[in-house]
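Shown next: work01.txt, given as compact mmCIF, C-alpha atoms.
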# COMPACT_ATOMS: atom_id res chain seq x y z
CA MET A 107 -90.00 -118.52 24.35
CA ASP A 108 -87.74 -116.06 22.53
CA ILE A 109 -84.87 -118.39 21.61
CA LYS A 110 -82.26 -115.68 21.22
CA ASP A 111 -83.04 -114.10 24.59
CA TYR A 112 -83.14 -117.52 26.24
CA MET A 113 -79.75 -118.54 24.82
CA VAL A 114 -78.15 -115.22 25.78
CA ASP A 115 -79.37 -115.79 29.33
CA VAL A 116 -77.93 -119.32 29.29
CA GLY A 117 -74.64 -117.99 27.96
CA LEU A 118 -74.40 -115.26 30.60
CA GLN A 119 -75.04 -117.72 33.39
CA ALA A 120 -72.51 -120.17 31.95
CA ARG A 121 -69.84 -117.48 31.73
CA GLN A 122 -70.44 -116.50 35.35
CA ALA A 123 -70.36 -120.13 36.46
CA ALA A 124 -67.13 -120.71 34.53
CA ALA A 125 -65.37 -118.13 36.69
CA VAL A 126 -66.47 -120.01 39.81
CA MET A 127 -65.45 -123.36 38.36
CA ALA A 128 -62.00 -122.04 37.43
CA ARG A 129 -61.23 -121.26 41.05
CA SER A 130 -62.97 -124.30 42.53
CA SER A 131 -60.94 -126.98 44.27
CA THR A 132 -60.45 -130.54 43.08
CA ALA A 133 -62.31 -131.72 46.17
CA MET A 134 -65.37 -129.58 45.36
CA ARG A 135 -65.54 -130.86 41.80
CA ASN A 136 -65.13 -134.47 42.91
CA ASP A 137 -67.83 -133.95 45.55
CA ALA A 138 -70.18 -132.69 42.84
CA LEU A 139 -69.55 -135.77 40.70
CA LEU A 140 -70.07 -138.19 43.59
CA ALA A 141 -73.17 -136.33 44.79
CA THR A 142 -74.60 -136.52 41.26
CA ALA A 143 -73.94 -140.27 41.23
CA ARG A 144 -75.94 -140.60 44.45
CA ALA A 145 -78.72 -138.43 43.05
CA LEU A 146 -78.98 -140.63 39.95
CA ASP A 147 -79.15 -143.73 42.13
CA GLU A 148 -81.96 -142.22 44.20
CA ALA A 149 -83.87 -141.00 41.14
CA ARG A 150 -84.10 -144.30 39.25
CA ASP A 151 -87.91 -144.26 39.18
CA GLU A 152 -88.02 -140.66 37.94
CA LEU A 153 -85.41 -141.42 35.27
CA ALA A 154 -87.32 -144.50 34.09
CA LEU A 155 -90.59 -142.54 33.87
CA ALA A 156 -88.99 -139.70 31.92
CA ASN A 157 -87.28 -142.15 29.58
CA SER A 158 -90.54 -144.02 28.97
CA LYS A 159 -92.06 -140.75 27.73
CA ASP A 160 -89.20 -140.30 25.25
CA LEU A 161 -89.48 -143.92 24.06
CA GLU A 162 -93.25 -143.62 23.60
CA LYS A 163 -92.84 -140.41 21.64
CA GLY A 164 -90.04 -141.96 19.62
CA ARG A 165 -92.22 -144.90 18.61
CA GLU A 166 -95.03 -142.52 17.64
CA ASN A 167 -92.57 -140.58 15.48
CA GLY A 168 -91.31 -143.74 13.78
CA LEU A 169 -87.78 -143.85 15.21
CA ASP A 170 -85.95 -146.90 13.90
CA PRO A 171 -85.05 -149.75 16.31
CA ALA A 172 -81.37 -148.75 16.43
CA MET A 173 -82.27 -145.20 17.49
CA LEU A 174 -84.72 -146.48 20.08
CA ASP A 175 -82.06 -148.80 21.44
CA ARG A 176 -79.66 -145.87 21.90
CA LEU A 177 -82.44 -143.83 23.48
CA GLU A 178 -83.46 -146.43 26.06
CA LEU A 179 -82.17 -145.83 29.58
CA THR A 180 -82.11 -149.26 31.23
CA PRO A 181 -81.21 -150.02 34.87
CA VAL A 182 -77.84 -151.24 33.60
CA GLY A 183 -77.46 -147.97 31.70
CA ILE A 184 -78.09 -146.01 34.89
CA ASP A 185 -75.54 -148.19 36.68
CA LYS A 186 -72.98 -147.33 33.99
CA MET A 187 -73.67 -143.60 34.31
CA ILE A 188 -73.16 -143.82 38.07
CA GLU A 189 -69.95 -145.80 37.66
CA GLY A 190 -68.73 -143.34 35.03
CA LEU A 191 -69.16 -140.43 37.44
CA ARG A 192 -67.22 -142.28 40.10
CA GLN A 193 -64.44 -143.12 37.66
CA VAL A 194 -64.10 -139.51 36.52
CA ALA A 195 -64.00 -138.37 40.16
CA GLY A 196 -61.07 -140.74 40.64
CA LEU A 197 -59.05 -139.34 37.73
CA ALA A 198 -56.09 -137.03 38.31
CA ASP A 199 -57.03 -133.36 38.13
CA PRO A 200 -55.18 -131.64 35.28
CA ILE A 201 -56.05 -128.09 36.40
CA GLY A 202 -53.23 -126.04 37.90
CA GLU A 203 -50.46 -128.37 36.78
CA ILE A 204 -47.32 -126.37 35.95
CA THR A 205 -44.85 -127.93 33.54
CA GLY A 206 -41.60 -126.91 31.87
CA LEU A 207 -40.62 -124.49 34.63
CA SER A 208 -37.11 -123.23 33.94
CA TYR A 209 -34.87 -120.29 34.79
CA ARG A 210 -34.03 -117.73 32.13
CA PRO A 211 -30.78 -115.71 32.10
CA SER A 212 -32.68 -112.76 33.58
CA GLY A 213 -33.46 -114.82 36.68
CA ILE A 214 -37.16 -115.20 35.98
CA GLN A 215 -38.77 -118.66 35.92
CA VAL A 216 -41.06 -119.46 32.97
CA GLY A 217 -43.48 -122.40 32.73
CA LYS A 218 -46.92 -123.38 31.52
CA MET A 219 -49.97 -123.92 33.69
CA ARG A 220 -52.98 -126.00 32.65
CA VAL A 221 -56.30 -124.14 32.87
CA PRO A 222 -59.94 -124.78 31.89
CA LEU A 223 -61.19 -123.76 28.46
CA GLY A 224 -64.10 -121.89 30.07
CA VAL A 225 -67.55 -122.60 28.62
CA VAL A 226 -67.93 -125.76 26.56
CA GLY A 227 -70.99 -126.25 24.36
CA ILE A 228 -71.80 -129.86 23.50
CA ILE A 229 -74.38 -130.83 20.89
CA TYR A 230 -75.32 -134.49 20.62
CA GLU A 231 -78.06 -136.85 19.53
CA SER A 232 -80.18 -139.56 21.09
CA ARG A 233 -78.25 -141.24 23.92
CA PRO A 234 -79.10 -139.79 27.38
CA ASN A 235 -75.91 -141.26 28.89
CA VAL A 236 -73.91 -138.73 26.86
CA THR A 237 -75.43 -136.03 29.09
CA VAL A 238 -73.70 -137.48 32.14
CA ASP A 239 -70.46 -138.28 30.28
CA ALA A 240 -70.18 -134.74 28.91
CA ALA A 241 -71.14 -133.04 32.16
CA SER A 242 -68.70 -135.10 34.23
CA LEU A 243 -65.71 -134.37 32.02
CA CYS A 244 -66.50 -130.67 31.83
CA LEU A 245 -66.94 -130.41 35.60
CA LYS A 246 -63.79 -132.36 36.42
CA SER A 247 -61.74 -130.15 34.09
CA GLY A 248 -63.09 -126.97 35.73
CA ASN A 249 -65.33 -125.87 32.86
CA ALA A 250 -68.95 -124.79 32.66
CA ALA A 251 -71.04 -126.73 30.16
CA ILE A 252 -74.03 -125.98 27.95
CA LEU A 253 -75.52 -129.26 26.73
CA ARG A 254 -77.96 -129.57 23.86
CA GLY A 255 -79.19 -133.15 23.55
CA GLY A 256 -81.40 -134.54 20.84
CA SER A 257 -85.08 -133.57 20.92
CA GLU A 258 -85.97 -137.26 21.13
CA ALA A 259 -84.34 -137.46 24.62
CA ILE A 260 -85.69 -134.20 26.09
CA HIS A 261 -87.52 -135.75 29.06
CA SER A 262 -84.63 -138.07 29.95
CA ASN A 263 -82.12 -135.25 29.75
CA GLN A 264 -84.22 -132.95 31.93
CA ALA A 265 -84.49 -135.68 34.57
CA ILE A 266 -80.72 -136.10 34.48
CA ALA A 267 -80.36 -132.31 34.73
CA MET A 268 -82.22 -132.36 38.05
CA CYS A 269 -79.68 -134.86 39.40
CA LEU A 270 -76.78 -132.74 38.19
CA GLU A 271 -78.27 -129.66 39.88
CA ARG A 272 -78.57 -131.58 43.15
CA GLY A 273 -74.98 -132.74 42.89
CA LEU A 274 -73.63 -129.27 42.19
CA ALA A 275 -75.66 -127.69 44.99
CA GLU A 276 -74.47 -130.30 47.49
CA ALA A 277 -70.86 -129.48 46.58
CA GLY A 278 -71.40 -125.74 46.87
CA LEU A 279 -71.03 -125.09 43.13
CA PRO A 280 -73.45 -123.10 40.95
CA ALA A 281 -76.26 -125.11 39.37
CA THR A 282 -75.59 -123.17 36.16
CA ALA A 283 -72.18 -124.86 35.81
CA VAL A 284 -74.08 -127.44 33.75
CA GLN A 285 -77.10 -126.22 31.79
CA ILE A 286 -79.17 -128.51 29.60
CA ILE A 287 -81.10 -126.62 26.94
CA ARG A 288 -84.80 -126.85 27.74
CA THR A 289 -86.14 -126.27 24.25
CA THR A 290 -86.19 -128.66 21.29
CA ASP A 291 -86.21 -125.74 18.84
CA ARG A 292 -83.28 -126.17 16.46
CA ALA A 293 -82.74 -122.42 16.48
CA ALA A 294 -81.11 -122.91 19.89
CA VAL A 295 -78.22 -124.73 18.21
CA GLY A 296 -77.74 -121.85 15.79
CA GLU A 297 -77.53 -119.42 18.70
CA LEU A 298 -75.21 -121.64 20.75
CA ILE A 299 -72.59 -121.93 18.02
CA THR A 300 -72.59 -118.22 17.24
CA MET A 301 -72.02 -116.80 20.73
CA PRO A 302 -68.22 -116.41 21.04
CA GLU A 303 -68.69 -113.92 23.87
CA TYR A 304 -70.20 -116.71 25.99
CA VAL A 305 -68.97 -120.00 24.50
CA ASP A 306 -65.28 -120.90 24.13
CA VAL A 307 -65.55 -124.17 22.20
CA VAL A 308 -68.24 -126.43 20.74
CA VAL A 309 -68.09 -130.22 20.56
CA PRO A 310 -70.64 -131.82 18.19
CA ARG A 311 -71.38 -135.53 18.64
CA GLY A 312 -73.68 -137.03 16.05
CA GLY A 313 -74.17 -137.72 12.39
CA LYS A 314 -72.20 -136.23 9.55
CA GLY A 315 -74.97 -133.76 8.66
CA LEU A 316 -75.00 -132.30 12.16
CA ILE A 317 -71.23 -131.94 12.32
CA GLU A 318 -71.01 -130.44 8.83
CA ARG A 319 -73.65 -127.85 9.70
CA ILE A 320 -71.93 -126.87 12.93
CA SER A 321 -68.49 -126.72 11.30
CA ARG A 322 -69.88 -124.50 8.55
CA ASP A 323 -71.90 -122.10 10.69
CA ALA A 324 -70.01 -121.91 14.00
CA LYS A 325 -68.32 -118.69 15.08
CA VAL A 326 -66.54 -120.45 17.94
CA PRO A 327 -63.84 -123.14 17.67
CA VAL A 328 -65.14 -126.66 17.01
CA ILE A 329 -63.61 -129.96 18.19
CA LYS A 330 -64.87 -132.56 15.73
CA HIS A 331 -64.44 -135.43 13.36
CA LEU A 332 -66.50 -135.99 10.22
CA ASP A 333 -66.13 -139.23 8.26
CA CYS A 334 -64.62 -142.28 9.92
CA VAL A 335 -62.93 -144.32 7.19
CA CYS A 336 -60.49 -146.50 9.12
CA HIS A 337 -58.00 -148.88 7.47
CA VAL A 338 -56.09 -152.02 8.40
CA TYR A 339 -53.11 -152.88 6.22
CA LEU A 340 -51.77 -156.44 6.25
CA ASP A 341 -48.12 -155.98 5.35
CA ALA A 342 -46.07 -158.51 3.40
CA LEU A 343 -44.23 -159.22 6.66
CA ALA A 344 -47.37 -159.61 8.78
CA ASP A 345 -47.87 -162.56 11.10
CA ALA A 346 -50.85 -164.42 9.63
CA GLY A 347 -52.46 -165.12 13.00
CA LYS A 348 -52.15 -161.53 14.16
CA GLY A 349 -53.47 -160.22 10.87
CA PHE A 350 -56.50 -162.51 10.99
CA ARG A 351 -57.40 -161.56 14.57
CA VAL A 352 -56.83 -157.81 14.16
CA ALA A 353 -58.73 -157.50 10.88
CA LEU A 354 -61.69 -159.59 12.04
CA ASN A 355 -62.01 -157.71 15.33
CA ALA A 356 -61.57 -154.29 13.73
CA LYS A 357 -64.58 -154.94 11.49
CA THR A 358 -66.93 -157.25 13.37
CA GLN A 359 -66.58 -156.37 17.08
CA ARG A 360 -69.06 -153.51 16.47
CA TYR A 361 -70.27 -152.13 13.15
CA GLY A 362 -71.65 -148.73 14.03
CA THR A 363 -68.67 -147.07 15.73
CA CYS A 364 -66.29 -144.43 14.43
CA ASN A 365 -63.24 -146.69 14.98
CA THR A 366 -64.54 -149.67 13.00
CA MET A 367 -62.44 -150.71 9.98
CA GLU A 368 -64.12 -149.88 6.68
CA THR A 369 -61.31 -150.79 4.25
CA LEU A 370 -58.88 -153.71 4.43
CA LEU A 371 -55.63 -153.42 2.49
CA VAL A 372 -53.67 -156.62 1.84
CA ASP A 373 -50.16 -156.80 0.42
CA SER A 374 -50.06 -158.67 -2.91
CA ALA A 375 -47.25 -160.90 -1.58
CA ILE A 376 -49.59 -162.53 0.98
CA ALA A 377 -53.04 -161.94 -0.50
CA ALA A 378 -53.49 -165.38 -2.09
CA GLY A 379 -52.44 -167.10 1.13
CA GLN A 380 -54.41 -165.05 3.64
CA LEU A 381 -57.46 -163.54 1.94
CA PRO A 382 -59.50 -166.77 1.47
CA ALA A 383 -59.59 -167.59 5.20
CA LEU A 384 -60.28 -163.98 6.12
CA ALA A 385 -63.04 -163.64 3.52
CA LEU A 386 -64.71 -166.82 4.82
CA ALA A 387 -64.56 -165.52 8.41
CA PHE A 388 -66.10 -162.19 7.39
CA GLN A 389 -68.84 -163.90 5.40
CA GLU A 390 -69.65 -166.19 8.33
CA GLN A 391 -70.25 -163.00 10.32
CA GLY A 392 -72.61 -161.74 7.61
CA VAL A 393 -70.22 -159.14 6.21
CA GLU A 394 -70.70 -158.16 2.57
CA LEU A 395 -67.34 -157.95 0.76
CA ARG A 396 -66.54 -155.48 -2.02
CA GLY A 397 -63.15 -155.92 -3.65
CA CYS A 398 -60.81 -154.65 -6.31
CA GLU A 399 -60.09 -156.85 -9.34
CA ALA A 400 -57.14 -158.56 -7.64
CA THR A 401 -59.30 -159.27 -4.60
CA ARG A 402 -62.09 -160.77 -6.73
CA ARG A 403 -59.65 -163.13 -8.44
CA ILE A 404 -58.92 -164.58 -4.99
CA VAL A 405 -62.45 -164.16 -3.56
CA PRO A 406 -64.74 -164.57 -6.61
CA ASP A 407 -67.99 -163.97 -4.73
CA ALA A 408 -66.89 -160.51 -3.55
CA LEU A 409 -68.82 -157.70 -5.23
CA PRO A 410 -66.88 -155.26 -7.43
CA ALA A 411 -65.63 -152.25 -5.45
CA THR A 412 -66.18 -148.81 -6.96
CA GLU A 413 -64.31 -145.58 -6.32
CA ALA A 414 -67.09 -144.63 -3.89
CA ASP A 415 -66.30 -147.67 -1.74
CA TRP A 416 -62.82 -146.38 -0.90
CA HIS A 417 -64.46 -143.22 0.48
CA ALA A 418 -67.31 -145.02 2.25
CA GLU A 419 -68.07 -144.98 5.97
CA TYR A 420 -70.47 -147.91 6.00
CA LEU A 421 -71.20 -148.23 9.75
CA ALA A 422 -72.63 -151.58 8.65
CA PRO A 423 -71.49 -155.16 7.89
CA ILE A 424 -69.89 -154.12 4.60
CA LEU A 425 -66.14 -154.16 3.95
CA ALA A 426 -64.06 -152.85 1.05
CA ILE A 427 -60.89 -154.85 0.27
CA ARG A 428 -57.98 -153.80 -1.91
CA VAL A 429 -54.79 -155.68 -2.77
CA VAL A 430 -51.82 -153.29 -2.84
CA ASP A 431 -48.26 -153.64 -4.12
CA GLY A 432 -46.23 -152.90 -1.03
CA LEU A 433 -46.04 -150.40 1.81
CA ASP A 434 -45.72 -147.32 -0.41
CA GLU A 435 -48.99 -148.05 -2.17
CA ALA A 436 -50.73 -148.80 1.14
CA ILE A 437 -49.63 -145.49 2.65
CA GLU A 438 -50.60 -143.65 -0.53
CA HIS A 439 -54.07 -145.20 -0.47
CA ILE A 440 -54.63 -144.39 3.21
CA ASN A 441 -53.48 -140.79 2.94
CA ARG A 442 -55.74 -140.34 -0.08
CA TYR A 443 -58.92 -141.95 1.27
CA SER A 444 -58.56 -141.97 5.06
CA SER A 445 -60.63 -139.64 7.22
CA ARG A 446 -57.54 -139.15 9.44
CA HIS A 447 -59.24 -141.00 12.29
CA THR A 448 -57.55 -144.37 12.93
CA ASP A 449 -55.38 -146.56 10.71
CA CYS A 450 -53.41 -149.73 11.47
CA ILE A 451 -50.56 -151.79 10.07
CA VAL A 452 -50.00 -155.45 10.88
CA THR A 453 -46.34 -156.28 10.42
CA GLU A 454 -43.33 -157.94 12.03
CA SER A 455 -41.00 -155.38 10.45
CA ILE A 456 -39.91 -152.58 12.77
CA THR A 457 -38.78 -150.59 9.75
CA HIS A 458 -42.20 -150.87 8.07
CA ALA A 459 -43.98 -150.06 11.34
CA ARG A 460 -41.89 -146.92 11.88
CA ARG A 461 -42.51 -145.75 8.33
CA PHE A 462 -46.24 -146.33 8.72
CA ILE A 463 -46.61 -144.41 11.99
CA THR A 464 -44.46 -141.60 10.60
CA GLU A 465 -46.06 -141.23 7.18
CA VAL A 466 -49.74 -141.99 7.80
CA ASP A 467 -51.39 -138.70 8.74
CA SER A 468 -54.12 -139.81 11.16
CA SER A 469 -55.02 -138.94 14.74
CA SER A 470 -54.39 -142.54 15.86
CA VAL A 471 -51.90 -144.82 14.09
CA MET A 472 -51.59 -148.41 15.29
CA VAL A 473 -49.20 -151.32 14.92
CA ASN A 474 -50.55 -154.86 15.36
CA ALA A 475 -53.69 -153.75 17.25
CA SER A 476 -57.36 -153.44 16.32
CA THR A 477 -58.64 -150.01 15.36
CA ARG A 478 -61.40 -150.57 17.93
CA PHE A 479 -58.90 -149.54 20.63
CA ALA A 480 -59.13 -145.90 19.46
CA ASP A 481 -61.18 -144.85 22.47
CA GLY A 482 -60.61 -142.59 25.46
CA PHE A 483 -61.18 -145.33 28.04
CA GLU A 484 -58.84 -147.77 26.26
CA TYR A 485 -56.18 -145.03 26.02
CA GLY A 486 -56.28 -144.53 29.77
CA LEU A 487 -58.09 -141.18 29.63
CA GLY A 488 -60.89 -142.51 31.83
CA ALA A 489 -63.52 -141.21 29.44
CA GLU A 490 -63.77 -139.02 26.36
CA ILE A 491 -65.88 -136.16 25.14
CA GLY A 492 -65.35 -137.23 21.54
CA ILE A 493 -62.60 -137.84 18.99
CA SER A 494 -60.94 -135.05 17.08
CA THR A 495 -59.32 -135.34 13.67
CA ASP A 496 -58.27 -131.70 13.75
CA LYS A 497 -54.61 -130.83 14.25
CA ILE A 498 -54.94 -127.73 16.41
CA HIS A 499 -55.54 -127.97 20.17
CA ALA A 500 -56.87 -131.53 20.53
CA ARG A 501 -56.30 -134.59 18.33
CA GLY A 502 -57.57 -138.12 18.80
CA PRO A 503 -59.71 -139.09 21.80
CA VAL A 504 -60.47 -135.93 23.80
CA GLY A 505 -60.40 -136.50 27.55
CA LEU A 506 -59.83 -134.18 30.48
CA GLU A 507 -56.62 -132.69 29.11
CA GLY A 508 -58.33 -131.97 25.78
CA LEU A 509 -60.84 -129.79 27.66
CA THR A 510 -58.05 -127.61 29.01
CA SER A 511 -55.58 -125.11 27.63
CA GLN A 512 -52.25 -123.78 28.88
CA LYS A 513 -51.06 -120.33 29.75
CA TYR A 514 -47.55 -119.10 30.48
CA VAL A 515 -46.72 -118.34 34.09
CA VAL A 516 -43.68 -116.31 35.08
CA PHE A 517 -42.12 -116.10 38.57
CA GLY A 518 -39.67 -113.38 39.45
CA ASP A 519 -38.11 -111.63 42.43
CA GLY A 520 -38.31 -108.03 41.34
CA GLN A 521 -36.51 -108.41 37.99
CA VAL A 522 -36.94 -105.66 35.42
CA ARG A 523 -35.98 -105.77 31.77
CA GLY A 524 -32.99 -103.65 30.80

If you took the structure in this file and wrote it as structure tokens, what would it be?
Amino acid sequence: MDIKDYMVDVGLQARQAAAVMARSSTAMRNDALLATARALDEARDELALANSKDLEKGRENGLDPAMLDRLELTPVGIDKMIEGLRQVAGLADPIGEITGLSYRPSGIQVGKMRVPLGVVGIIYESRPNVTVDAASLCLKSGNAAILRGGSEAIHSNQAIAMCLERGLAEAGLPATAVQIIRTTDRAAVGELITMPEYVDVVVPRGGKGLIERISRDAKVPVIKHLDCVCHVYLDALADAGKGFRVALNAKTQRYGTCNTMETLLVDSAIAAGQLPALALAFQEQGVELRGCEATRRIVPDALPATEADWHAEYLAPILAIRVVDGLDEAIEHINRYSSRHTDCIVTESITHARRFITEVDSSSVMVNASTRFADGFEYGLGAEIGISTDKIHARGPVGLEGLTSQKYVVFGDGQVRG
């Protein structure tokens, strides 16, 4: 296979399909999603067989247990993919919505209409369920999609692709509206991210190395986040019970997610009273604590924190703790070390809360709530394609609206400009 020729062909077909998707009706797109859900349900045996091939190959290649766990497509996993398709079909369609329509002195009406982005390239690793999540959001928002899953899931993704093709055909939409790259050659990624004539935006989902490479080499816009260093700050005016629950949940509910707390900041006014109980609770969950000097005076068995710890995205049961002198120092620390993903303050002071949400420069800023809520489903988006820490176009969890753009629409009655 000539990779360049193959990817150009994929791009051409995606561009043609995007034009069809842009004029498709909500009903057609919903029909495609529901038909795909039925196809997945009917193809359980085929999906299980394909997935078993990927798992066998993964074991032969020495994939670690965590990677194998993400790769496995269980009956419950298939159920969740089916339910996800049905949920996305039930979401409101953003396409064609016109907002801000107003008359100008000339008599014309000016507004903005929401439209698809066009062709969305999505590059991701391991989990086959991402194939369905990505395809469903792109279809619902009227886009064509080019999906490049991890090589370790090639058989599973191709089996899912067959179900997507059936769903699209049943709804009268082109099968090329969702194309899953058939080759595991990494050169395909290089071609995908350098085809601005065919691809309008790329969304990478995976490790830092993958995202850095795509951000560096892409010639099309990228929706991304890199590091995920999330903070919880326990303010001097925090309720002790709320602070305990929020901090414990933000770290221990799941360790390997991008919205897990990695650094806990505690105001010096309450540190001696609240840190011992919190430290004990973390240690009972098997969390290794690394603290500043003030922290270690209160929690002597905490390891010394280094400068690297304030930058660290552990994705593991490790937590950095720093005692800070007030809100100003907390905000300064977060804006210096945060990855601009998700940061939280626990406080009973409205004034402190307003300052925090105004001055902390992150895509999600929370008051008295666990950082684990930074998620498209929890935000009411139905699902998400990823989380963006960029400031242009999409920021935070990217759902249907994040996969659209707006264009000006003007209505007149024969007006001409004098």

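As for atom CA of A:Leu395 and atom CA of A:Leu425, they are spaced 5.1 Å apart.
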
Show me the residues close to (-82.6, -143.8, 34.6) - anything with an atom within 6 Å, counting only C-alpha atoms - and format the list as an MDAnalysis selection string. chainID A and resid 150 153:154 179 184

Show me, as JSON lines, the residues of stretch 419-499 of chain A having an atom within 12 Å of stretch 218-237 of chain A, each with the closest atom pair and its distance in Å, using only C-alpha atoms.
{"residue": "A:Ala489", "atom": "CA", "partner": "A:Val236", "partner_atom": "CA", "distance": 11.0}
{"residue": "A:Glu490", "atom": "CA", "partner": "A:Val236", "partner_atom": "CA", "distance": 10.2}
{"residue": "A:Ile491", "atom": "CA", "partner": "A:Val236", "partner_atom": "CA", "distance": 8.6}
{"residue": "A:Gly492", "atom": "CA", "partner": "A:Ile228", "partner_atom": "CA", "distance": 10.0}
{"residue": "A:His499", "atom": "CA", "partner": "A:Leu223", "partner_atom": "CA", "distance": 10.9}

Quick one: residues within 8 Å of stretch 435-452 of chain A, only C-alpha atoms counted, chain neighbours fewer than 4 positions away excluded, as a PyMOL selection string? chain A and resi 331-341+344-345+348-349+352+365+371+416-417+430-431+459+462+465-477+480+494-495+502

Stretch 192-200 of chain A: which residues within 6 Å, counting only C-alpha atoms, same-chain residues fewer than 3 positions away excluded, as a list in words?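 Within the cut-off, the hits are Asn136, Glu189 and Glu203 of chain A.
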
Enter the distance from atom CA of A:Val504 to atom CA of A:Gly482, in Å, rounded to one decimal. 6.9 Å
